Every structure is written in C-alpha cells, then in structure tokens.
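Enquirer: Input structure: protein-v1.cif, which contains mmCIF, C-alpha atoms and all ligand atoms.
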data_protein
#
loop_
_atom_site.label_atom_id
_atom_site.label_comp_id
_atom_site.auth_asym_id
_atom_site.auth_seq_id
_atom_site.Cartn_x
_atom_site.Cartn_y
_atom_site.Cartn_z
CA MET A 17 46.33 115.75 -59.43
CA THR A 18 42.68 115.29 -58.64
CA SER A 19 41.86 112.33 -56.47
CA GLY A 20 38.65 110.39 -56.87
CA PRO A 21 37.21 106.95 -57.43
CA ARG A 22 39.61 106.27 -60.29
CA GLN A 23 42.51 106.85 -57.97
CA GLN A 24 41.28 103.85 -56.04
CA ALA A 25 40.86 101.81 -59.20
CA THR A 26 44.41 102.58 -60.25
CA THR A 27 45.77 101.53 -56.89
CA ARG A 28 43.79 98.33 -56.95
CA SER A 29 45.00 97.40 -60.41
CA ALA A 30 48.57 98.20 -59.51
CA SER A 31 48.38 95.70 -56.66
CA ASP A 32 46.88 93.14 -59.07
CA LEU A 33 49.91 93.55 -61.20
CA ASP A 34 52.22 93.20 -58.24
CA SER A 35 50.57 89.96 -57.25
CA THR A 36 51.19 88.40 -60.67
CA ALA A 37 54.69 89.78 -61.07
CA PRO A 38 56.62 86.83 -59.57
CA ASP A 39 55.31 84.47 -62.27
CA ALA A 40 56.06 86.80 -65.13
CA THR A 41 59.06 86.30 -67.36
CA ALA A 42 59.31 90.00 -68.22
CA PRO A 43 57.45 92.99 -66.85
CA GLU A 44 55.79 93.85 -70.16
CA THR A 45 54.35 90.35 -70.53
CA THR A 46 52.77 90.43 -67.07
CA ALA A 47 49.23 89.17 -67.56
CA PRO A 48 46.39 90.64 -65.54
CA SER A 49 44.82 88.28 -63.04
CA ALA A 50 41.62 86.44 -63.97
CA ALA A 51 39.69 88.53 -61.43
CA SER A 52 40.99 91.73 -62.99
CA ARG A 53 40.03 90.49 -66.47
CA ASP A 54 36.53 89.69 -65.23
CA ARG A 55 36.14 93.13 -63.67
CA LEU A 56 37.24 94.71 -66.94
CA ALA A 57 34.81 92.60 -69.00
CA ASP A 58 32.11 93.65 -66.56
CA SER A 59 32.93 97.36 -66.77
CA PRO A 60 30.03 99.65 -67.70
CA LEU A 61 31.63 100.60 -71.02
CA LEU A 62 32.16 97.06 -72.26
CA ARG A 63 28.77 95.91 -71.02
CA ALA A 64 26.98 98.79 -72.77
CA ALA A 65 28.99 98.20 -75.95
CA ARG A 66 27.81 94.58 -75.93
CA GLY A 67 24.22 95.75 -75.41
CA GLU A 68 24.06 94.50 -71.81
CA ALA A 69 22.69 96.34 -68.77
CA ALA A 70 25.44 98.17 -66.87
CA ARG A 71 25.63 99.42 -63.27
CA HIS A 72 25.56 102.95 -64.67
CA THR A 73 25.60 104.53 -68.10
CA PRO A 74 29.27 104.75 -69.06
CA VAL A 75 30.66 108.11 -70.07
CA TRP A 76 33.84 109.25 -71.78
CA PHE A 77 34.60 112.17 -74.08
CA MET A 78 36.16 112.26 -77.51
CA ARG A 79 39.33 114.39 -77.17
CA GLN A 80 39.16 114.07 -73.39
CA ALA A 81 42.96 114.17 -73.41
CA GLY A 82 44.31 117.35 -74.86
CA ARG A 83 44.24 121.06 -74.73
CA SER A 84 41.31 121.52 -72.38
CA LEU A 85 43.59 120.21 -69.60
CA PRO A 86 46.29 122.49 -68.14
CA GLU A 87 48.26 119.39 -67.09
CA TYR A 88 48.28 118.31 -70.77
CA ARG A 89 49.48 121.71 -71.95
CA ALA A 90 52.26 121.61 -69.38
CA LEU A 91 53.45 118.16 -70.47
CA ARG A 92 53.36 119.05 -74.16
CA GLU A 93 55.45 122.20 -73.71
CA GLY A 94 58.24 122.05 -76.32
CA VAL A 95 57.30 118.57 -77.56
CA ALA A 96 55.91 118.22 -81.09
CA MET A 97 52.54 116.49 -81.38
CA LEU A 98 53.73 113.49 -83.40
CA GLU A 99 56.72 113.04 -81.13
CA SER A 100 54.47 113.05 -78.07
CA CYS A 101 52.45 110.23 -79.65
CA ARG A 102 55.58 108.05 -79.95
CA ARG A 103 56.91 108.43 -76.39
CA PRO A 104 55.38 105.82 -74.09
CA ASP A 105 56.02 107.90 -70.95
CA LEU A 106 54.10 110.83 -72.41
CA VAL A 107 51.38 108.75 -74.05
CA THR A 108 50.71 106.92 -70.81
CA GLU A 109 50.56 110.05 -68.69
CA ILE A 110 48.47 112.06 -71.18
CA THR A 111 46.01 109.19 -71.62
CA LEU A 112 45.61 108.81 -67.85
CA GLN A 113 45.17 112.52 -67.10
CA PRO A 114 41.45 112.77 -67.98
CA VAL A 115 40.72 109.40 -66.34
CA ARG A 116 42.14 110.61 -63.03
CA ARG A 117 40.65 114.04 -63.26
CA HIS A 118 37.12 113.29 -64.51
CA GLY A 119 36.50 109.69 -63.41
CA VAL A 120 35.39 108.73 -66.93
CA ASP A 121 34.55 105.11 -67.69
CA ALA A 122 37.18 104.66 -70.39
CA ALA A 123 40.54 105.92 -71.47
CA ILE A 124 41.16 106.69 -75.14
CA PHE A 125 44.66 105.98 -76.35
CA PHE A 126 46.55 109.23 -76.88
CA SER A 127 47.66 109.20 -80.48
CA ASP A 128 46.43 110.61 -83.76
CA ILE A 129 44.86 109.19 -86.89
CA VAL A 130 47.97 110.10 -88.90
CA VAL A 131 50.44 108.27 -86.61
CA PRO A 132 50.29 104.98 -88.60
CA VAL A 133 50.81 106.69 -91.99
CA ALA A 134 53.76 108.59 -90.54
CA ALA A 135 55.06 105.28 -89.17
CA VAL A 136 55.12 103.70 -92.64
CA GLY A 137 57.27 106.60 -93.80
CA LEU A 138 54.90 109.14 -95.29
CA GLY A 139 56.17 112.70 -94.74
CA ILE A 140 53.49 114.19 -92.52
CA ASP A 141 53.47 116.60 -89.64
CA ILE A 142 50.85 117.92 -87.25
CA VAL A 143 51.14 121.68 -87.41
CA PRO A 144 49.94 123.56 -84.30
CA GLY A 145 46.69 125.38 -85.00
CA VAL A 146 46.30 123.65 -88.37
CA GLY A 147 46.33 119.87 -88.05
CA PRO A 148 47.95 117.17 -90.20
CA VAL A 149 49.92 118.48 -93.19
CA VAL A 150 51.38 116.15 -95.84
CA ALA A 151 54.56 117.36 -97.54
CA GLU A 152 53.83 115.59 -100.85
CA PRO A 153 50.15 114.66 -101.18
CA ILE A 154 49.06 111.31 -102.59
CA ARG A 155 47.44 111.83 -105.99
CA THR A 156 48.86 109.35 -108.51
CA ARG A 157 49.29 105.62 -108.78
CA ALA A 158 53.03 105.98 -108.23
CA ASP A 159 52.29 107.76 -104.93
CA LEU A 160 50.72 104.56 -103.56
CA ASP A 161 54.22 103.10 -103.17
CA ARG A 162 54.66 105.57 -100.31
CA LEU A 163 51.99 103.68 -98.36
CA PRO A 164 53.40 100.22 -97.62
CA PRO A 165 51.71 98.00 -95.02
CA LEU A 166 52.21 98.82 -91.35
CA THR A 167 54.11 96.06 -89.57
CA PRO A 168 54.30 95.86 -85.76
CA ASP A 169 58.08 96.37 -85.80
CA LEU A 170 57.47 99.94 -87.05
CA VAL A 171 55.49 100.81 -83.91
CA PRO A 172 57.05 98.97 -80.93
CA ASP A 173 56.40 102.11 -78.87
CA ILE A 174 52.63 101.77 -79.48
CA THR A 175 52.71 98.25 -78.07
CA GLU A 176 54.75 99.47 -75.11
CA SER A 177 52.42 102.42 -74.43
CA VAL A 178 49.30 100.27 -74.56
CA ARG A 179 50.83 97.64 -72.25
CA GLN A 180 51.85 100.26 -69.74
CA LEU A 181 48.43 101.84 -69.86
CA VAL A 182 46.51 98.62 -69.49
CA GLY A 183 48.61 97.83 -66.42
CA GLU A 184 47.80 101.20 -64.90
CA LEU A 185 44.12 101.20 -65.83
CA GLY A 186 43.20 97.82 -64.35
CA ASP A 187 39.44 97.45 -64.74
CA ILE A 188 38.97 100.64 -66.75
CA PRO A 189 38.89 99.87 -70.48
CA LEU A 190 41.34 101.40 -72.91
CA ILE A 191 39.80 102.31 -76.25
CA GLY A 192 42.20 101.99 -79.16
CA PHE A 193 41.47 103.94 -82.31
CA ALA A 194 42.33 104.57 -85.94
CA GLY A 195 41.14 106.77 -88.76
CA ALA A 196 38.87 105.21 -91.36
CA PRO A 197 40.15 105.08 -94.95
CA PHE A 198 38.06 108.01 -96.27
CA THR A 199 39.06 110.45 -93.54
CA LEU A 200 42.72 109.46 -93.83
CA ALA A 201 42.55 109.69 -97.63
CA SER A 202 41.16 113.20 -97.38
CA TYR A 203 44.25 114.42 -95.47
CA LEU A 204 46.60 112.55 -97.80
CA VAL A 205 45.01 113.69 -101.05
CA GLU A 206 44.29 117.29 -100.03
CA GLY A 207 47.64 117.65 -98.27
CA GLY A 208 45.99 118.91 -95.08
CA PRO A 209 42.67 119.76 -93.44
CA SER A 210 40.00 120.54 -95.98
CA ARG A 211 36.60 122.15 -95.92
CA ASN A 212 35.15 120.82 -99.15
CA HIS A 213 37.33 117.76 -99.88
CA VAL A 214 37.47 118.87 -103.50
CA LYS A 215 40.58 116.98 -104.63
CA THR A 216 39.49 113.90 -102.70
CA LYS A 217 36.11 113.79 -104.41
CA ALA A 218 37.69 114.54 -107.79
CA LEU A 219 39.96 111.52 -107.35
CA MET A 220 37.12 109.31 -106.11
CA HIS A 221 35.05 110.07 -109.19
CA GLY A 222 37.79 110.74 -111.73
CA ASP A 223 39.79 107.57 -111.11
CA PRO A 224 37.69 105.16 -109.06
CA GLN A 225 40.21 102.36 -109.40
CA LEU A 226 43.03 104.47 -107.99
CA TRP A 227 40.67 105.64 -105.25
CA HIS A 228 39.83 102.06 -104.29
CA ASP A 229 43.47 101.04 -104.35
CA LEU A 230 44.37 103.99 -102.11
CA CYS A 231 41.58 103.15 -99.65
CA ASP A 232 42.61 99.51 -99.74
CA ARG A 233 46.13 100.46 -98.62
CA LEU A 234 44.74 102.73 -95.92
CA ALA A 235 42.37 100.01 -94.71
CA THR A 236 45.33 97.65 -94.39
CA ILE A 237 47.26 100.27 -92.39
CA SER A 238 44.30 101.13 -90.13
CA ALA A 239 43.48 97.49 -89.43
CA ALA A 240 47.13 96.81 -88.57
CA PHE A 241 47.28 99.86 -86.25
CA LEU A 242 44.15 98.72 -84.43
CA THR A 243 45.42 95.14 -84.24
CA VAL A 244 48.65 96.27 -82.57
CA GLN A 245 46.61 98.16 -79.96
CA VAL A 246 44.20 95.29 -79.29
CA GLU A 247 46.95 92.68 -79.12
CA ALA A 248 48.74 94.85 -76.56
CA GLY A 249 45.58 95.04 -74.44
CA ALA A 250 43.10 97.67 -75.71
CA SER A 251 39.64 96.29 -74.94
CA ALA A 252 37.54 98.25 -77.43
CA VAL A 253 38.26 100.24 -80.59
CA GLN A 254 36.83 103.28 -82.27
CA LEU A 255 37.13 103.81 -86.01
CA PHE A 256 36.89 107.54 -86.73
CA ASP A 257 35.44 108.44 -90.12
CA SER A 258 35.24 112.04 -89.04
CA TRP A 259 34.64 113.59 -92.45
CA ALA A 260 32.32 110.94 -93.97
CA GLY A 261 29.44 113.36 -93.43
CA ALA A 262 30.72 115.30 -96.45
CA LEU A 263 29.54 112.47 -98.74
CA THR A 264 26.24 111.57 -100.33
CA ARG A 265 24.85 108.28 -99.23
CA ALA A 266 25.39 106.76 -102.67
CA ASP A 267 29.06 107.79 -102.71
CA TYR A 268 29.54 106.60 -99.16
CA GLU A 269 28.12 103.17 -99.94
CA ARG A 270 30.00 102.74 -103.19
CA HIS A 271 33.37 104.35 -102.51
CA VAL A 272 33.87 104.29 -98.76
CA ARG A 273 31.86 101.74 -96.81
CA PRO A 274 33.51 98.63 -98.32
CA HIS A 275 36.89 99.81 -97.04
CA SER A 276 35.68 100.72 -93.55
CA ALA A 277 33.85 97.39 -93.51
CA ARG A 278 37.09 95.54 -94.17
CA VAL A 279 38.83 97.28 -91.25
CA LEU A 280 35.92 96.51 -88.94
CA ALA A 281 35.73 92.88 -90.12
CA GLU A 282 39.43 92.33 -89.43
CA ILE A 283 39.10 93.74 -85.93
CA GLY A 284 35.96 91.69 -85.37
CA ARG A 285 38.13 88.59 -85.36
CA LEU A 286 39.89 89.91 -82.26
CA GLY A 287 36.64 89.90 -80.30
CA VAL A 288 36.60 93.47 -78.95
CA PRO A 289 33.64 95.86 -79.38
CA ARG A 290 33.96 98.22 -82.32
CA ILE A 291 32.64 101.80 -82.24
CA HIS A 292 32.22 103.67 -85.53
CA PHE A 293 31.86 107.45 -85.55
CA GLY A 294 31.64 110.30 -88.02
CA VAL A 295 30.63 113.96 -87.95
CA GLY A 296 27.53 115.21 -89.76
CA THR A 297 26.55 111.65 -90.57
CA GLY A 298 22.81 111.88 -89.83
CA GLU A 299 22.00 110.98 -93.42
CA LEU A 300 24.51 108.13 -93.39
CA LEU A 301 23.71 106.48 -90.07
CA GLU A 302 21.75 103.64 -91.60
CA SER A 303 24.57 102.91 -94.06
CA MET A 304 27.29 103.28 -91.45
CA ALA A 305 25.45 100.87 -89.20
CA THR A 306 25.91 98.13 -91.78
CA ALA A 307 29.68 98.66 -92.02
CA GLY A 308 30.16 96.16 -89.22
CA ALA A 309 30.54 98.05 -85.94
CA ASP A 310 28.85 97.10 -82.67
CA VAL A 311 28.31 100.67 -81.45
CA ILE A 312 27.26 103.57 -83.66
CA GLY A 313 28.68 106.95 -82.67
CA VAL A 314 26.15 109.73 -83.19
CA ASP A 315 27.13 113.32 -83.84
CA TYR A 316 25.27 116.11 -82.06
CA ARG A 317 23.23 117.22 -85.08
CA VAL A 318 20.88 114.23 -84.85
CA ASN A 319 18.43 113.68 -82.06
CA LEU A 320 19.56 110.49 -80.28
CA ALA A 321 16.11 108.89 -80.31
CA GLU A 322 15.94 109.48 -84.07
CA ALA A 323 19.43 108.03 -84.48
CA VAL A 324 18.43 104.87 -82.62
CA THR A 325 15.49 104.46 -85.00
CA ARG A 326 17.67 105.11 -88.05
CA VAL A 327 20.13 102.38 -87.13
CA GLY A 328 17.29 99.94 -86.64
CA GLY A 329 17.17 99.77 -82.84
CA THR A 330 19.57 96.85 -82.69
CA TYR A 331 22.91 98.59 -82.18
CA ALA A 332 24.32 100.19 -79.07
CA VAL A 333 24.81 103.93 -79.58
CA GLN A 334 27.36 106.45 -78.36
CA GLY A 335 26.79 110.18 -77.97
CA ASN A 336 25.72 112.83 -78.41
CA LEU A 337 25.83 116.09 -76.44
CA ASP A 338 26.81 119.15 -78.47
CA PRO A 339 30.34 120.07 -77.24
CA ALA A 340 29.39 123.76 -77.49
CA LEU A 341 26.77 123.22 -74.77
CA LEU A 342 29.60 122.75 -72.27
CA PHE A 343 29.77 126.56 -72.40
CA ALA A 344 26.04 127.00 -71.70
CA PRO A 345 24.48 127.51 -68.24
CA TRP A 346 24.56 124.34 -66.13
CA GLU A 347 20.75 124.02 -66.09
CA VAL A 348 20.73 123.80 -69.89
CA LEU A 349 23.50 121.23 -69.86
CA GLU A 350 21.74 119.18 -67.22
CA ALA A 351 18.41 119.22 -69.08
CA GLN A 352 20.05 118.16 -72.33
CA THR A 353 21.99 115.43 -70.55
CA ARG A 354 18.79 114.09 -68.99
CA ARG A 355 17.11 114.08 -72.40
CA ILE A 356 20.00 112.23 -74.06
CA LEU A 357 20.11 109.64 -71.26
CA ARG A 358 16.36 109.11 -71.60
CA GLU A 359 16.59 108.74 -75.37
CA GLY A 360 19.55 106.39 -75.11
CA GLN A 361 17.38 103.93 -73.22
CA ALA A 362 15.74 103.00 -76.52
CA ALA A 363 19.00 101.38 -77.66
CA PRO A 364 20.31 98.03 -76.38
CA GLY A 365 23.26 99.94 -74.92
CA HIS A 366 24.17 103.61 -74.53
CA ILE A 367 27.61 105.11 -74.00
CA PHE A 368 27.27 108.77 -73.08
CA ASN A 369 29.68 111.02 -74.99
CA LEU A 370 29.78 114.31 -76.83
CA GLY A 371 28.66 114.57 -80.44
CA HIS A 372 32.24 115.48 -81.37
CA GLY A 373 35.47 116.26 -79.53
CA VAL A 374 35.98 118.45 -76.46
CA LEU A 375 36.77 121.98 -77.63
CA PRO A 376 40.16 123.26 -76.39
CA GLU A 377 38.59 126.22 -74.51
CA THR A 378 36.28 123.97 -72.47
CA ASP A 379 36.38 124.40 -68.69
CA PRO A 380 37.48 120.93 -67.51
CA THR A 381 35.57 121.29 -64.23
CA VAL A 382 32.35 121.21 -66.28
CA LEU A 383 33.39 117.87 -67.75
CA THR A 384 34.03 116.43 -64.30
CA ARG A 385 30.65 117.65 -63.10
CA LEU A 386 28.99 116.12 -66.15
CA VAL A 387 30.55 112.71 -65.45
CA THR A 388 29.22 112.87 -61.89
CA LEU A 389 25.77 113.83 -63.16
CA VAL A 390 25.60 110.96 -65.67
CA HIS A 391 26.67 108.50 -62.98
CA GLU A 392 24.21 109.87 -60.41
CA LEU A 393 21.30 109.83 -62.81
CA THR A 394 21.91 106.30 -64.03
CA THR A 395 23.34 104.28 -61.14
CA ARG A 396 21.26 101.17 -60.62
CA ALA A 397 20.90 99.62 -57.21
O1 LIG B 401 49.02 119.97 -79.98
C1 LIG B 401 47.86 119.52 -79.88
O2 LIG B 401 47.35 119.33 -78.76
C2 LIG B 401 47.21 119.23 -81.20
C3 LIG B 401 45.79 118.86 -81.13
C4 LIG B 401 45.62 117.37 -81.36
C5 LIG B 401 45.36 116.40 -80.39
C6 LIG B 401 45.22 116.57 -78.91
C7 LIG B 401 45.72 116.73 -82.61
C8 LIG B 401 46.02 117.35 -83.91
N1 LIG B 401 45.50 115.38 -82.41
C9 LIG B 401 45.26 115.14 -81.07
C10 LIG B 401 45.04 113.81 -80.43
C11 LIG B 401 43.98 112.97 -80.96
N2 LIG B 401 43.60 112.95 -82.28
C12 LIG B 401 43.23 112.00 -80.26
C13 LIG B 401 43.47 111.56 -78.82
C14 LIG B 401 42.91 112.46 -77.79
C15 LIG B 401 41.58 112.10 -77.21
O3 LIG B 401 40.61 111.79 -77.93
O4 LIG B 401 41.44 112.18 -75.96
C16 LIG B 401 42.32 111.45 -81.16
C17 LIG B 401 41.25 110.40 -80.88
C18 LIG B 401 42.57 112.04 -82.42
C19 LIG B 401 41.90 111.64 -83.65
C20 LIG B 401 41.87 112.57 -84.79
N3 LIG B 401 42.88 113.34 -85.31
C21 LIG B 401 40.73 112.72 -85.62
C22 LIG B 401 39.46 111.97 -85.41
C23 LIG B 401 38.67 112.55 -84.29
C24 LIG B 401 37.97 113.84 -84.57
O5 LIG B 401 38.21 114.79 -83.84
O6 LIG B 401 37.15 113.85 -85.51
C25 LIG B 401 41.05 113.64 -86.61
C26 LIG B 401 40.14 114.14 -87.70
C27 LIG B 401 42.41 114.02 -86.41
C28 LIG B 401 43.20 114.95 -87.24
C29 LIG B 401 43.71 116.07 -86.41
N4 LIG B 401 44.78 115.95 -85.58
C30 LIG B 401 44.99 117.14 -84.93
C31 LIG B 401 43.98 118.05 -85.36
C32 LIG B 401 43.85 119.45 -84.90
C33 LIG B 401 43.17 117.37 -86.29
C34 LIG B 401 41.95 117.92 -87.00
C35 LIG B 401 42.32 118.87 -88.09
C36 LIG B 401 41.16 119.19 -89.00
O7 LIG B 401 40.31 120.01 -88.62
O8 LIG B 401 41.09 118.62 -90.11
#
Render the structure in this file as structure tokens.
Expert:
Amino acid sequence: MTSGPRQQATTRSASDLDSTAPDATAPETTAPSAASRDRLADSPLLRAARGEAARHTPVWFMRQAGRSLPEYRALREGVAMLESCRRPDLVTEITLQPVRRHGVDAAIFFSDIVVPVAAVGLGIDIVPGVGPVVAEPIRTRADLDRLPPLTPDLVPDITESVRQLVGELGDIPLIGFAGAPFTLASYLVEGGPSRNHVKTKALMHGDPQLWHDLCDRLATISAAFLTVQVEAGASAVQLFDSWAGALTRADYERHVRPHSARVLAEIGRLGVPRIHFGVGTGELLESMATAGADVIGVDYRVNLAEAVTRVGGTYAVQGNLDPALLFAPWEVLEAQTRRILREGQAAPGHIFNLGHGVLPETDPTVLTRLVTLVHELTTRA
C-alpha cells in the first residue's frame, strides 16, 4: 500500500468518526462531525464543481479503480464483476485503492452502469473482455415489464458500501454515478456492447413511443440509483451518457435529452453537484449543457478551450487528457497537461480528468505522477 497525503486524510477522518461514535445509535448512522462536513464542502472537487476557486485544481480519473491496478486484479481474482459490485467489503476496498495510491481529489464509487438494471431483476452479466451482456434484450412493449422501478430495499448493499466509504474518506468526496437512459438503453436493446447502435436507433425511430417509454423507465431507475448513493453520503454524482456521441444533435435533443434532464432534475433536488459526460460528444456539448448538469465532462477529441466556449462559458468543465497519452513520453504528457490546465482557467471551475477512462494497460505510476504534477502546477498560496 502506497502511503501519501491521503493516508493522513483517512486517519484524520477515522478519528472524526471515533469522536462521534458515543452519540450514535448504530455505527452505520454515525454522522460526520460539523467540522468534517465543512472540510468536505470546502474540498477542491466540490469547490470547482460549484464554480468556486479551489486551493488546487482537483484531479481524478474515470476508471481510476480497475484493471490498471495490480491490487485490484488481486482482489478480483475469482470474483465475478457484478458480484464484486454487490459486496460492500470489496466495493469499499476497490474504491479506496486509487485514492490511497494516487492521492486523487475524489473517489468514484466502484460499481457499473448495469448494476441497477440487474438489481431490478433483468438478466444481465458482465462478461470478461466483452462487457455487459443481456440474456433477453428489451425490444417490445411487453419487455418493459422486466424493468420495474428500483426501490432502495433492492440495493441495501449499495447504501452500506457508500456509508462505509464516506466514513473512510472523511473530507475526500465520493462521486456516485449512474448510466444515462440512452447508454443503458443501447446495452439493453442491442443485448451487449455495440459499435453502431443499429437496433437502438431502429427502435428510436421506428417506435418513438416505445423508445420514450423505455427511456422513461431507465430514467426512473437511474435517478433512484443515484438517490440511494447521495442519501447514503455521496457528495457529487456523474451521469455517464457514454455513447451519446453516436447521435445527431437533432436525435439527441428529441429522443434522449429529455430523459437525461429528468434524471438530473431529480438529483438536483438533493443539492449535490451533477457532472454529465459522454464520449465523442463535441457536436453535442451545447445541447448536453442544457440537460441540467453543473459540470460538463469533455471527451479528449475536443480542445478544452473550445469546449468551454461551446457550453457558453458558464459551466464548470471536467477533462480532458487523451488516455492514450499516458503511454507517451513524460514531456509530451506534461506539455498537454499544462495546456489543459491553462485552457480550463476559462471556465468558472475545472476538474482535471482524462477524456475517457483509464486504459487497463496504463502504468499506474504515471497516473500518480500526473496527480502530483496537476497539484504542483495549480496550488495557490
Ligand atoms: O473485470 C473487470 O475489471 C471489468 C471491467 C469493468 C470495470 C472495472 C467493467 C465492465 N465495469 C467496471 C467498473 C466501472 N464501470 C466503473 C467504476 C470504476 C471507476 O471508474 O473507477 C464505472 C464508472 C463504470 C461505468 C461504465 N460501465 C460505463 C460508463 C463509463 C465509460 O467508461 O464510458 C460503461 C459504458 C460501462 C459498461 C461496461 N462495463 C464494463 C465494460 C468493459 C463496459 C464497456 C463495454 C463497452 O465497450 O460497451
């Protein structure tokens, strides 16, 4: 286990918890102290997400937990992906691994976008080397009955994992997440990962009412999954519409945005910052920005300065280093990081991240070095 500044933070938060323990009725309802809550609200990630100046530019990485870490691979040995997402001991440890190792400014809840649809009873598995695979895809009106609402009693383990994590993390924010309706629908309609989303688009255009009803059910499930995480203590959320970049702007606005907007509106009532991200969404950024998030995630194909302009200069942005550049010489990586940090200054807030997830072959020591660089370059006196 790598020691570092986050080690200290974990120790400090653990003692916070100890100090409140005598008043608590049960360990899982132990509330953090007011001082700890203030430190969390003042964390670089939450400040940047609210568009406020932070003591340094916060940095975390999509897919920071996972196969790039040998300690993750060791823990996952012999445990199926979906099972690992439902075991609080594993979820807590896997979520904390990159925080300890890299000193990132946020943890992202270890789960998967298909966990809530599996929890409502849909037959779905995550096949190694493939991704989510649905035994019987959703393609007819009758199939919608297989997507009932997600109620908290179906995911008590998620509540338990988040509570455990928040206790361990102290003043480091936990980002909860869910898949947006379009990206979830693509897996459910296609039956698995898809390059061209052919069946999904055929349904969207061939039976718009069924499409909307399907997305409506998925929006209800996603909003409920995020609500469970926030109510258990997640202090920000990210809505992943990973494959929205496959759509024209007109189709996105008509068939997709209203459903993502409903998820984001429901979470808005809980008062946590909302990040919205998709891949290949350069042409959609302006439309995505009006879906209701506070922070717009930018994929690596768009120059960050251009992205800030496209979203109107009023939203905080997150991104957007090309994950493939983690394999390039350090000087290249450093120059690109400096450029992105400079360009991010045009936005009210900037959260440094990759433009998509960490690739499994990535050398984790490069990620740690990158976190140090971002902090060094942006720490304010
Ligand atoms: O055994 C393994 O390690 C399987 C790989 C893996 C992991 C580590 C999968 C299968 N899911 C996850 C965890 C995961 N999934 C996280 C938490 C880890 C972190 O970020 O630190 C998150 C946020 C997700 C979200 C997710 N799952 C998305 C949205 C983010 C993105 O990358 O765009 C998507 C599209 C999925 C589906 C999925 N799950 C797994 C895979 C390989 C895929 C993609 C398949 C495809 O290409 O369609």
Enquirer: Check every protein, DNA and RNA residue against ligand LIG 401 (chain B), keep those with an atom at most 6 Å away (counting all atoms listed in the file), and present them as number ranges by chain.
Expert: A: 78-83, 97, 124, 126-129, 142, 144, 146-148, 209, 256, 258, 373
Enquirer: Using only C-alpha atoms, tabulate the residues of range 118-195 of chain A lying at most 12 Å from any atom of range 106-110 of chain A, each with its closest atom pair and that distance in Å to one decimal, by chain and increasing residue number, as a tab-separated table.
Expert:
residue	atom	partner	partner_atom	distance
A:Ala123	CA	A:Ile110	CA	10.0
A:Ile124	CA	A:Ile110	CA	9.9
A:Phe125	CA	A:Val107	CA	7.6
A:Phe126	CA	A:Val107	CA	5.6
A:Ser127	CA	A:Val107	CA	7.4
A:Asp128	CA	A:Val107	CA	11.1
A:Asp173	CA	A:Val107	CA	9.6
A:Ile174	CA	A:Val107	CA	8.9
A:Thr175	CA	A:Val107	CA	11.3
A:Glu176	CA	A:Thr108	CA	9.5
A:Ser177	CA	A:Thr108	CA	6.0
A:Val178	CA	A:Thr108	CA	7.8
A:Arg179	CA	A:Thr108	CA	9.4
A:Gln180	CA	A:Thr108	CA	6.8
A:Leu181	CA	A:Thr108	CA	5.6
A:Val182	CA	A:Thr108	CA	9.4
A:Gly183	CA	A:Thr108	CA	10.3
A:Glu184	CA	A:Thr108	CA	8.7
A:Leu185	CA	A:Thr108	CA	10.0
A:Leu190	CA	A:Thr108	CA	11.1
Enquirer: Pick from A:Val150, A:Ile188, A:Val279, A:Leu170: nearest to Gly249 in chain A, with all atoms listed in the file counted?
Expert: A:Ile188
Enquirer: Calculated over only C-alpha atoms, which of the candidates A:Val382, A:Leu286, A:Val75, A:Val131 has the smallest distance to Asn369 in chain A?
Expert: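 Looking only at the distances to Asn369 in chain A, the closest residue turns out to be A:Val75.
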Enquirer: Take CA of Arg66 in chain A and CA of Tyr331 in chain A and report the distance between them in Å, one decimal.
Expert: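 CA of Arg66 in chain A sits 8.9 Å away from CA of Tyr331 in chain A.
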Enquirer: Measure the distance from CA of Phe193 in chain A to CA of Arg385 in chain A in Å and round it to one decimal.
Expert: 26.0 Å
Enquirer: Write out as a list in words which residues come within 10 Å of Val149 in chain A when counting all atoms listed in the file, dropping same-chain ones fewer than 2 positions away.
Expert: Val130, Gly139, Ile140, Asp141, Ile142, Val143, Val146, Gly147, Ala151, Glu152, Pro153, Tyr203, Leu204, Glu206, Gly207, Gly208 and Pro209 of chain A
Enquirer: For Pro274 in chain A, work out the shell of residues within 12 Å, counting all atoms listed in the file and skipping chain neighbours fewer than 4 positions away, then give it as number ranges by chain.
Expert: A: 196-198, 228-229, 231-232, 235, 267-270, 278-281, 303-304, 306-308
Enquirer: Skipping near chain neighbours, those fewer than 5 positions away, what residues fall within 10 Å of His221 in chain A using all atoms listed in the file, listed as a PyMOL selection string?
Expert: chain A and resi 215-216+226-227+267+271
Enquirer: Quick one, how far is CA of Ala135 in chain A from CA of Leu166 in chain A?
Expert: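 Separating CA of Ala135 in chain A from CA of Leu166 in chain A is a distance of 7.4 Å.
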Enquirer: Using all atoms listed in the file, pick whichever of A:Leu91, A:Ala305, A:Leu98, A:Leu255 has the shortest atom-to-atom distance to His292 in chain A.
Expert: A:Leu255
Enquirer: Quick one: residues within 7 Å of (50.3, 106.2, -98.7) (file frame), counting all atoms listed in the file, please, as a PDB file with C-alpha atoms, keeping the file's coordinate frame.
Expert:
ATOM      1  CA  VAL A 133      50.810 106.690 -91.990  1.00  0.00           C
ATOM      2  CA  LEU A 138      54.900 109.140 -95.290  1.00  0.00           C
ATOM      3  CA  ILE A 154      49.060 111.310-102.590  1.00  0.00           C
ATOM      4  CA  ASP A 159      52.290 107.760-104.930  1.00  0.00           C
ATOM      5  CA  LEU A 160      50.720 104.560-103.560  1.00  0.00           C
ATOM      6  CA  ASP A 161      54.220 103.100-103.170  1.00  0.00           C
ATOM      7  CA  ARG A 162      54.660 105.570-100.310  1.00  0.00           C
ATOM      8  CA  LEU A 163      51.990 103.680 -98.360  1.00  0.00           C
ATOM      9  CA  PRO A 164      53.400 100.220 -97.620  1.00  0.00           C
TER      10      PRO A 164
END
Enquirer: Could you tell me, as a PyMOL selection string, which residues have any atom at most 8 Å from (30.0, 98.2, -68.4), counting only C-alpha atoms?
Expert: chain A and resi 57-65+68-74
Enquirer: May I ask which of the residues A:Gln225, A:Arg102, A:Ile312, A:Val120 is the closest one to Val171 in chain A, counting all atoms listed in the file?
Expert: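 Closest residue, counting all atoms listed in the file: A:Arg102.
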Enquirer: Using only C-alpha atoms, which residue out of A:Arg89, A:His118, A:Arg358, A:Arg211 lies closest to Pro376 in chain A?
Expert: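 Looking at the shortest contact to Pro376 in chain A, the residue is A:Arg89.
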Enquirer: Just checking: using all atoms listed in the file, which residue out of A:Val95, A:Ile283, A:Ala262, A:Ala252 ends up closest to Ser202 in chain A?
Expert: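 Of A:Val95, A:Ile283, A:Ala262, A:Ala252, the one nearest Ser202 in chain A, counting all atoms listed in the file, is A:Ala262.
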Enquirer: Around all listed atoms of range 47-63 of chain A, padded 3 Å per side, what centre and edge lengths does the axis-aligned box have in Å to one decimal, as JSON?
Expert:
{"center_x": 39.0, "center_y": 93.5, "center_z": -66.8, "size_x": 26.5, "size_y": 20.2, "size_z": 16.8}
